[in-house]
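S.K.: Dropping in target.cif, with mmCIF, C-alpha atoms.
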```cif
data_protein
loop_
_atom_site.label_atom_id
_atom_site.label_comp_id
_atom_site.auth_asym_id
_atom_site.auth_seq_id
_atom_site.Cartn_x
_atom_site.Cartn_y
_atom_site.Cartn_z
CA MET A 59 -11.29 43.74 -9.41
CA SER A 60 -11.69 47.24 -10.80
CA GLY A 61 -10.77 50.51 -9.16
CA VAL A 62 -7.43 49.25 -7.84
CA ILE A 63 -4.50 51.65 -7.86
CA LEU A 64 -1.78 49.98 -9.92
CA GLY A 65 1.07 52.46 -9.56
CA ALA A 66 2.06 56.09 -9.92
CA HIS A 67 2.85 58.08 -13.05
CA THR A 68 5.50 60.79 -12.71
CA VAL A 69 5.85 63.57 -15.27
CA LEU A 70 9.09 65.46 -15.87
CA TYR A 71 8.72 68.65 -17.88
CA SER A 72 11.67 69.41 -20.13
CA SER A 73 12.65 72.02 -22.69
CA ASP A 74 14.38 69.17 -24.57
CA ALA A 75 12.26 66.06 -24.00
CA GLU A 76 14.00 63.97 -26.65
CA VAL A 77 17.46 64.36 -25.14
CA ASP A 78 16.11 63.60 -21.65
CA ARG A 79 14.28 60.49 -22.95
CA THR A 80 17.54 59.32 -24.51
CA PHE A 81 19.31 59.95 -21.19
CA LEU A 82 16.76 57.90 -19.23
CA ALA A 83 17.02 55.03 -21.72
CA GLU A 84 20.70 54.96 -22.60
CA VAL A 85 22.45 56.37 -19.53
CA LEU A 86 20.20 55.27 -16.67
CA GLY A 87 19.09 52.11 -18.51
CA PHE A 88 15.36 52.48 -17.81
CA SER A 89 13.18 50.29 -20.02
CA SER A 90 10.16 51.87 -21.67
CA VAL A 91 6.98 51.31 -23.62
CA ASP A 92 5.89 53.34 -26.62
CA ALA A 93 2.54 54.91 -25.78
CA GLY A 94 2.13 55.85 -29.45
CA ASN A 95 4.01 57.91 -32.00
CA GLY A 96 7.33 57.40 -30.20
CA TRP A 97 6.05 58.82 -26.91
CA LEU A 98 8.07 56.78 -24.39
CA ILE A 99 6.94 56.01 -20.86
CA PHE A 100 9.73 54.65 -18.66
CA ARG A 101 9.61 51.97 -16.01
CA LEU A 102 10.96 53.30 -12.74
CA PRO A 103 12.31 51.38 -9.78
CA PRO A 104 9.87 50.72 -6.90
CA ALA A 105 8.58 53.97 -5.44
CA GLU A 106 7.28 55.45 -2.24
CA VAL A 107 5.63 58.76 -1.39
CA ALA A 108 6.05 60.99 1.65
CA VAL A 109 4.02 64.07 2.60
CA HIS A 110 6.10 66.87 4.14
CA PRO A 111 4.71 69.97 5.84
CA ALA A 112 5.10 73.22 3.88
CA ASP A 113 3.83 76.80 3.91
CA THR A 114 2.20 76.28 0.51
CA SER A 115 1.03 73.13 -1.26
CA GLY A 116 1.86 71.88 -4.73
CA ALA A 117 5.63 71.37 -4.87
CA VAL A 118 6.80 67.90 -5.92
CA GLU A 119 10.34 66.50 -5.88
CA LEU A 120 11.62 63.27 -7.43
CA TYR A 121 14.54 61.37 -5.92
CA LEU A 122 16.11 58.20 -7.26
CA VAL A 123 17.17 56.09 -4.27
CA CYS A 124 20.41 54.10 -4.27
CA ASP A 125 22.23 51.94 -1.73
CA ASP A 126 25.63 53.67 -2.07
CA VAL A 127 25.58 57.25 -3.30
CA GLU A 128 29.35 57.51 -3.86
CA ALA A 129 29.46 54.35 -5.97
CA THR A 130 26.37 55.42 -7.93
CA VAL A 131 27.79 58.89 -8.58
CA ALA A 132 31.09 57.36 -9.70
CA ASP A 133 29.32 54.96 -12.06
CA LEU A 134 27.07 57.65 -13.53
CA THR A 135 29.97 60.11 -13.85
CA GLU A 136 31.82 57.54 -15.97
CA ARG A 137 28.73 57.50 -18.22
CA GLY A 138 28.86 61.28 -18.63
CA VAL A 139 26.22 62.30 -16.08
CA ALA A 140 26.57 65.82 -14.65
CA PHE A 141 25.78 66.58 -11.01
CA ASP A 142 24.97 69.84 -9.22
CA GLY A 143 27.48 70.10 -6.42
CA PRO A 144 28.92 67.53 -4.06
CA ILE A 145 27.11 64.88 -2.03
CA SER A 146 25.57 66.45 1.07
CA ASP A 147 24.71 64.81 4.37
CA GLN A 148 21.18 65.68 5.47
CA GLY A 149 21.08 63.40 8.52
CA TRP A 150 18.17 61.36 7.11
CA GLY A 151 20.31 60.52 4.08
CA ARG A 152 23.05 61.60 1.73
CA LEU A 153 22.08 63.27 -1.52
CA THR A 154 23.10 65.04 -4.67
CA THR A 155 21.32 66.23 -7.79
CA ILE A 156 21.56 64.80 -11.30
CA ARG A 157 21.42 67.42 -14.03
CA LEU A 158 19.46 66.09 -17.01
CA PRO A 159 20.64 67.15 -20.47
CA GLY A 160 17.39 69.09 -21.02
CA GLY A 161 17.97 71.18 -17.88
CA SER A 162 15.71 69.42 -15.37
CA ARG A 163 17.07 67.94 -12.17
CA LEU A 164 16.57 64.64 -10.35
CA GLY A 165 17.54 64.01 -6.78
CA LEU A 166 19.76 61.02 -6.00
CA CYS A 167 19.87 59.87 -2.40
CA GLU A 168 21.11 57.11 -0.15
CA ALA A 169 18.42 56.89 2.54
CA ARG A 170 19.39 56.34 6.18
CA HIS A 171 15.78 55.76 7.23
CA PRO A 172 13.56 52.74 6.64
CA THR A 173 12.04 52.72 3.16
CA ALA A 174 8.62 51.46 2.12
CA PHE A 175 9.87 49.61 -0.96
CA ASP A 176 9.20 46.18 0.53
CA ALA A 177 6.32 47.09 2.85
#
```
Now, as a test, write the supplied structure out as structure tokens.

M.R.:
Amino acid sequence: MSGVILGAHTVLYSSDAEVDRTFLAEVLGFSSVDAGNGWLIFRLPPAEVAVHPADTSGAVELYLVCDDVEATVADLTERGVAFDGPISDQGWGRLTTIRLPGGSRLGLCEARHPTAFDA
């Protein structure tokens, strides 16, 4: 069958793409494929998408979801990962922000709401 959506492709823009690619591979342990000339595309865990109301359109955020944010932060801290601030409780979940070596940021959250991963 043609025309079937197979997945989603997320793009992170970085002022130091090589160091962030190394981080995704070596620190977070994401496997990858070489799309040509060393251009790596990483496999992500299952994903979901939510549409939130906003005054203007276009903003996109990426969160990695874990089952225990404290344990995940502790594990990643031991591997040299830097975080922006402490874990915060948002009601719907608990979150913090991973600081990538190239300067970008990824959210890390422990969801308290149902997820669509197995829907």

S.K.: Residues picked by the PyMOL selection byres ((chain A and resi 149-161) around 12) here, as number ranges by chain?

M.R.: A: 70-82, 85-86, 119-128, 130-131, 134-135, 138-148, 162-173

S.K.: So that I have them on file, write out the residues from the current selection with C-alpha atoms, as a PDB file, in the frame of the given file.

M.R.:
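So the final result, stored in again_16.pdb, reads:
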```
ATOM      1  CA  LEU A  70       9.090  65.460 -15.870  1.00  0.00           C
ATOM      2  CA  TYR A  71       8.720  68.650 -17.880  1.00  0.00           C
ATOM      3  CA  SER A  72      11.670  69.410 -20.130  1.00  0.00           C
ATOM      4  CA  SER A  73      12.650  72.020 -22.690  1.00  0.00           C
ATOM      5  CA  ASP A  74      14.380  69.170 -24.570  1.00  0.00           C
ATOM      6  CA  ALA A  75      12.260  66.060 -24.000  1.00  0.00           C
ATOM      7  CA  GLU A  76      14.000  63.970 -26.650  1.00  0.00           C
ATOM      8  CA  VAL A  77      17.460  64.360 -25.140  1.00  0.00           C
ATOM      9  CA  ASP A  78      16.110  63.600 -21.650  1.00  0.00           C
ATOM     10  CA  ARG A  79      14.280  60.490 -22.950  1.00  0.00           C
ATOM     11  CA  THR A  80      17.540  59.320 -24.510  1.00  0.00           C
ATOM     12  CA  PHE A  81      19.310  59.950 -21.190  1.00  0.00           C
ATOM     13  CA  LEU A  82      16.760  57.900 -19.230  1.00  0.00           C
ATOM     14  CA  VAL A  85      22.450  56.370 -19.530  1.00  0.00           C
ATOM     15  CA  LEU A  86      20.200  55.270 -16.670  1.00  0.00           C
ATOM     16  CA  GLU A 119      10.340  66.500  -5.880  1.00  0.00           C
ATOM     17  CA  LEU A 120      11.620  63.270  -7.430  1.00  0.00           C
ATOM     18  CA  TYR A 121      14.540  61.370  -5.920  1.00  0.00           C
ATOM     19  CA  LEU A 122      16.110  58.200  -7.260  1.00  0.00           C
ATOM     20  CA  VAL A 123      17.170  56.090  -4.270  1.00  0.00           C
ATOM     21  CA  CYS A 124      20.410  54.100  -4.270  1.00  0.00           C
ATOM     22  CA  ASP A 125      22.230  51.940  -1.730  1.00  0.00           C
ATOM     23  CA  ASP A 126      25.630  53.670  -2.070  1.00  0.00           C
ATOM     24  CA  VAL A 127      25.580  57.250  -3.300  1.00  0.00           C
ATOM     25  CA  GLU A 128      29.350  57.510  -3.860  1.00  0.00           C
ATOM     26  CA  THR A 130      26.370  55.420  -7.930  1.00  0.00           C
ATOM     27  CA  VAL A 131      27.790  58.890  -8.580  1.00  0.00           C
ATOM     28  CA  LEU A 134      27.070  57.650 -13.530  1.00  0.00           C
ATOM     29  CA  THR A 135      29.970  60.110 -13.850  1.00  0.00           C
ATOM     30  CA  GLY A 138      28.860  61.280 -18.630  1.00  0.00           C
ATOM     31  CA  VAL A 139      26.220  62.300 -16.080  1.00  0.00           C
ATOM     32  CA  ALA A 140      26.570  65.820 -14.650  1.00  0.00           C
ATOM     33  CA  PHE A 141      25.780  66.580 -11.010  1.00  0.00           C
ATOM     34  CA  ASP A 142      24.970  69.840  -9.220  1.00  0.00           C
ATOM     35  CA  GLY A 143      27.480  70.100  -6.420  1.00  0.00           C
ATOM     36  CA  PRO A 144      28.920  67.530  -4.060  1.00  0.00           C
ATOM     37  CA  ILE A 145      27.110  64.880  -2.030  1.00  0.00           C
ATOM     38  CA  SER A 146      25.570  66.450   1.070  1.00  0.00           C
ATOM     39  CA  ASP A 147      24.710  64.810   4.370  1.00  0.00           C
ATOM     40  CA  GLN A 148      21.180  65.680   5.470  1.00  0.00           C
ATOM     41  CA  SER A 162      15.710  69.420 -15.370  1.00  0.00           C
ATOM     42  CA  ARG A 163      17.070  67.940 -12.170  1.00  0.00           C
ATOM     43  CA  LEU A 164      16.570  64.640 -10.350  1.00  0.00           C
ATOM     44  CA  GLY A 165      17.540  64.010  -6.780  1.00  0.00           C
ATOM     45  CA  LEU A 166      19.760  61.020  -6.000  1.00  0.00           C
ATOM     46  CA  CYS A 167      19.870  59.870  -2.400  1.00  0.00           C
ATOM     47  CA  GLU A 168      21.110  57.110  -0.150  1.00  0.00           C
ATOM     48  CA  ALA A 169      18.420  56.890   2.540  1.00  0.00           C
ATOM     49  CA  ARG A 170      19.390  56.340   6.180  1.00  0.00           C
ATOM     50  CA  HIS A 171      15.780  55.760   7.230  1.00  0.00           C
ATOM     51  CA  PRO A 172      13.560  52.740   6.640  1.00  0.00           C
ATOM     52  CA  THR A 173      12.040  52.720   3.160  1.00  0.00           C
TER      53      THR A 173
END
```

S.K.: For CA of Leu102 (chain A) and CA of Gly65 (chain A), determine how far apart the two atoms are, in Å to one decimal place.

M.R.: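 Rounded to one decimal, the two atoms are 10.4 Å apart.
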
S.K.: Rank nothing, just name the residue among A:Arg137, A:Arg101, A:His67, A:His110 nearest to Phe88 (chain A), using all atoms listed in the file.

M.R.: A:Arg101

S.K.: What's the 10 Å shell around Glu106 (chain A), counting all atoms listed in the file, without same-chain residues fewer than 5 positions away, as number ranges by chain?

M.R.: A: 66, 173-177

S.K.: Using Å and a single decimal, report how far CA of Ala117 (chain A) sits from CA of Ser89 (chain A).

M.R.: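 Taking CA of Ser89 (chain A) and CA of Ala117 (chain A), their separation equals 27.0 Å.
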
S.K.: To one decimal place, how far is CA of Phe100 (chain A) from CA of Val69 (chain A) in Å?

M.R.: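 Calculated distance between CA of Phe100 (chain A) and CA of Val69 (chain A) is 10.3 Å.
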